[in-house]
Each structure stands twice: as C-alpha cells, then as structure tokens.
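Engineer: Input: one structure, supplied below.
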Amino acid sequence: MELQLALDLVDIAGAKDIINEVADYIDIVEIGTPVVINEGLRAVKEVKQAFPSLRVLADLKIMDAGGYEVMKASEAGADIITVLGVSDDSTIRGAVKEAKKQNTKVMVDMINVKNIEERAKEIDQMDVDYICVHSGYDHQAAGISSFEDLLKIKRVVSHAKTAIAGGIKLATLPQVIDAGPDLVIVGGGITSAQDNKRAVAAEMKQLVSQA
Ligand SMILES: O=C([C@H](O)CO)[C@H](O)[C@H](O)COP(=O)(O)O
C-alpha cells in the first residue's frame with residue numbers, strides 16, 4: 001500500500017516547503033486542482049524538477065479532451081493524471097491511449113459518480129491504472145465519506161489499482177487500511193498538522209507500509 005500527499009491550498013513555494021518536510025514518507029505527491037488552477041502546469045513542472053525521485057500526480061480532473069490534456073500534463077512532468085469517472089467513455093479511453101504513448105498513468109476519480117459499482121466495473125475494463133473513490137471538499141462539509149464506496153469498488157475492480165481520497169486523518173487511517181486500497185491519498189490530514197507534518201506523515205507511512 002502506498003501513500004500520496006495531496007497539496008491543494010498552497011502556491012509552488014509552499015508546496016516545495018511541505019514536500020521538503022515529508023518527502024521521506026510519501027510515495028506520490030499530488031499537485032491539487034486548486035494549485036493547477038492558480039499556478040498552471042508550471043507547478044507540476046517545478047515540483048518534478050525539484051523532486052525527481054517522487055512520482056507527481058497532476059489532479060486535473062479531466063472531463064473532456066482526455067488525450068490532449070494528458071499529453072500536456074505528461075509533457076510538464078506528471079507521472080499520473082486524473083480523469084473524472086463521470087466523463088464520457090471516449091474521454092477516458094483517449095486519456096489512457098495518450099498516457100500509454102507518454103509512459104504515464106491514468107487515475108480515474110469517481111467523485112460524484114452515482115452508480116459507483118456499475119461505473120467502476122465499466123471503467124475497470126478501460127485499462128486505467130487507478131480507480132479512486134473520493135469524497136471532495138463539498139461532500140466532506142456535508143459529512144459524506146468515501147469509505148463505503150471503497151468497499152463497493154473493491155468488490156468489482158480486478159484490473160486497476162484502487163485508491164481512496166477525502167478527509168482521511170491519522171485517526172481514520174486504520175479503518176481505511178483495513179479495507180485494503182492500493183493507495184491512500186491524504187491532504188489536510190498532513191498539511192494542516194501545524195508543527196508536526198513530518199511526524200504525522202511518518203506515522204501514516206508506517207501504517208500503510210505494514211498493510
Ligand atoms: O482532490 C481533492 C479535492 O477535490 C480538492 O481539489 C483533494 O486533494 C483530496 O480531497 C484530498 O485532500 P483532503 O480531503 O484534504 O485529504
């Protein structure tokens with residue numbers, strides 16, 4: 001099981017500061033959607049250049065033009081790019097085709113997918129690398145977690161790796177780990193730890209590594 005740090009509410013300099021603190025304990029660093037909106041793919045490029053040994057995920061949440069947007073993110077240095085599960089199949093297939101050409105990977109974000117089991121089953125046949133259940137900020141604010149969705153997709157996904165994101169904290173991590181995702185994605189659970197981001201990341205890494 002691997003650990004991904006999601007960076008959402010920072011600029012490029014702030015992202016680098018946090019990565020410097022926790023790089024020893026993460027497998028993948030995510031350049032979050034708000035960062036890409038604010039800074040563009042330059043954020044992906046600069047982080048990859050500064051931390052070449054870390055895999056970088058560009059959280060573009062692609063909804064259309066899958067091939068073109070995967071191409072641009074891959075050229076910027078992304079190793080993994082997100083596409084939305086609610087997109088048309090042609091968008092996901094286009095993203096996968098381009099990612100293979102670029103030697104990068106596609107993560108399908110199932111945020112706001114209603115028929116999650118059925119859609120996960122379909123997407124699992126499209127040669128994607130990860131299928132990620134995700135309770136976004138707005139759902140988190142309404143008290144919705146993605147834990148049940150993880151259990152649902154685990155029943156039907158057999159090709160892609162499974163991932164989970166959305167509001168995961170140190171206290172809730174053991175329950176998430178018990179459900180057996182391949183990748184756990186944590187943003188605020190690490191970044192909002194005031195003086196001990198490194199210690200929290202270290203503890204999380206130890207827990208996911210044991211699983
Ligand atoms: O993808 C995310 C969200 O939609 C904002 O772009 C976050 O990276 C994801 O939810 C993980 O962050 P936390 O919920 O803070 O753990």
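In the structure tokens, each chain is lettered A, B, ... as it comes, each chain's residues begin at 1, and ligands are numbered from 1 in order of appearance.
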List every residue of segment 51-183 of chain A that DSSP, applied to the backbone of this structure, assigns to helix (DSSP H, G or I), and report them as a ChimeraX atom specification.

Structural biologist: /A:66-76,89-102,116-126,137-141,147-156,173-178

Engineer: Mind dumping a table of every segment 153-185 of chain A residue within 10 Å of segment 139-146 of chain A, with the nearest atom pair and its distance in Å to one decimal, using only C-alpha atoms, sorted by chain and rising number, as a Markdown table?

Structural biologist:
| residue | atom | partner | partner_atom | distance |
| --- | --- | --- | --- | --- |
| A:Ile164 | CA | A:Ser146 | CA | 7.1 |
| A:Ala165 | CA | A:Ser146 | CA | 7.3 |
| A:Gly166 | CA | A:Ser146 | CA | 6.9 |
| A:Gly167 | CA | A:Gln140 | CA | 6.8 |
| A:Ile168 | CA | A:Ser145 | CA | 9.0 |
| A:Val176 | CA | A:Ser146 | CA | 9.6 |

Engineer: Find the residue from A:Thr33, A:Asn20, A:Gln206, A:Ser87 that sits nearest to Gly136 of chain A; use only C-alpha atoms when measuring.

Structural biologist: A:Thr33

Engineer: Between atom CA of Glu98 of chain A and atom CA of Val35 of chain A, what is the distance, to one decimal in Å?

Structural biologist: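 Spanning atom CA of Glu98 of chain A to atom CA of Val35 of chain A is a straight-line distance of 23.3 Å.
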
Engineer: Please give me, as a ChimeraX atom specification, the residues lying within 7 Å of ligand 1 when counting only C-alpha atoms and all ligand atoms.

Structural biologist: /A:6-8,32-34,59,134-137,165-168,185-189

Engineer: Please save C-alpha atoms of the selected residues as a short mmCIF file (atom, residue, chain, number, x, y, z; two decimals), in the first residue's frame.

Structural biologist:
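Here's the written file part-v3.cif:
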data_model
loop_
_atom_site.label_atom_id
_atom_site.label_comp_id
_atom_site.auth_asym_id
_atom_site.auth_seq_id
_atom_site.Cartn_x
_atom_site.Cartn_y
_atom_site.Cartn_z
CA ALA A 6 -2.27 15.97 -1.79
CA LEU A 7 -1.26 19.62 -1.91
CA ASP A 8 -4.25 21.86 -2.55
CA GLY A 32 -4.03 19.53 -6.42
CA THR A 33 -6.70 21.01 -8.65
CA PRO A 34 -6.66 24.43 -6.89
CA ASP A 59 -5.02 16.41 -10.34
CA HIS A 134 -13.27 10.40 -3.43
CA SER A 135 -15.32 12.46 -1.06
CA GLY A 136 -14.49 16.01 -2.22
CA TYR A 137 -14.43 19.11 -0.04
CA ALA A 165 -9.21 10.23 -1.01
CA GLY A 166 -11.14 12.73 1.01
CA GLY A 167 -10.68 13.87 4.57
CA ILE A 168 -8.50 10.97 5.75
CA ILE A 185 -4.42 9.90 -0.54
CA VAL A 186 -4.09 12.41 2.30
CA GLY A 187 -4.19 16.20 2.04
CA GLY A 188 -5.32 18.17 5.08
CA GLY A 189 -4.61 15.21 7.36
#

Engineer: Give one line per residue of segment 89-127 of chain A that approaches segment 36-58 of chain A to at most 10 Å, naming the two atoms of the closest pair and their distance in Å to one decimal, counting only C-alpha atoms; sort by chain then ascending residue number and deliver it as a Markdown table.

Structural biologist:
| residue | atom | partner | partner_atom | distance |
| --- | --- | --- | --- | --- |
| A:Thr104 | CA | A:Leu57 | CA | 9.8 |
| A:Lys105 | CA | A:Leu57 | CA | 9.0 |
| A:Val106 | CA | A:Leu57 | CA | 9.3 |
| A:Met107 | CA | A:Leu57 | CA | 8.9 |

Engineer: Work out how far apart atom CA of Val200 of chain A and atom CA of Ile153 of chain A are and give it in Å to one decimal.

Structural biologist: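 About the pair atom CA of Val200 of chain A and atom CA of Ile153 of chain A: they are 27.9 Å apart.
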
Engineer: Need the shell around Leu3 of chain A: protein/DNA/RNA residues with any atom at most 8 Å away, counting only C-alpha atoms. Skip same-chain ones fewer than 6 positions apart. Format as an MDAnalysis selection string?

Structural biologist: chainID A and resid 25:28 183:186 204:205 208

Engineer: I need the residues from that last selection saved to file as a PDB file, in the first residue's frame (with C-alpha atoms), if you can.

Structural biologist:
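again.pdb, written as the output of this step:
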ATOM      1  CA  TYR A  25       7.495   9.358   3.937  1.00  0.00           C
ATOM      2  CA  ILE A  26       5.450   9.739   0.763  1.00  0.00           C
ATOM      3  CA  ASP A  27       5.392   7.768  -2.471  1.00  0.00           C
ATOM      4  CA  ILE A  28       3.480  10.228  -4.653  1.00  0.00           C
ATOM      5  CA  LEU A 183      -3.143   3.817  -2.471  1.00  0.00           C
ATOM      6  CA  VAL A 184      -4.239   6.187   0.305  1.00  0.00           C
ATOM      7  CA  ILE A 185      -4.417   9.899  -0.542  1.00  0.00           C
ATOM      8  CA  VAL A 186      -4.085  12.411   2.296  1.00  0.00           C
ATOM      9  CA  MET A 204       0.941   7.365   8.307  1.00  0.00           C
ATOM     10  CA  LYS A 205       3.691   5.879   6.156  1.00  0.00           C
ATOM     11  CA  VAL A 208       0.330   1.966   5.217  1.00  0.00           C
TER      12      VAL A 208
END

Engineer: Considering only C-alpha atoms, tabulate each residue of segment 115-139 of chain A that lies at most 8 Å from segment 147-152 of chain A along with its nearest interatomic pair and the corresponding distance in Å to one decimal; arrange the rows by chain and ascending residue number and present them as CSV.

Structural biologist:
residue,atom,partner,partner_atom,distance
A:Ile116,CA,A:Asp149,CA,7.1
A:Glu117,CA,A:Lys152,CA,5.9
A:Val133,CA,A:Leu150,CA,6.0
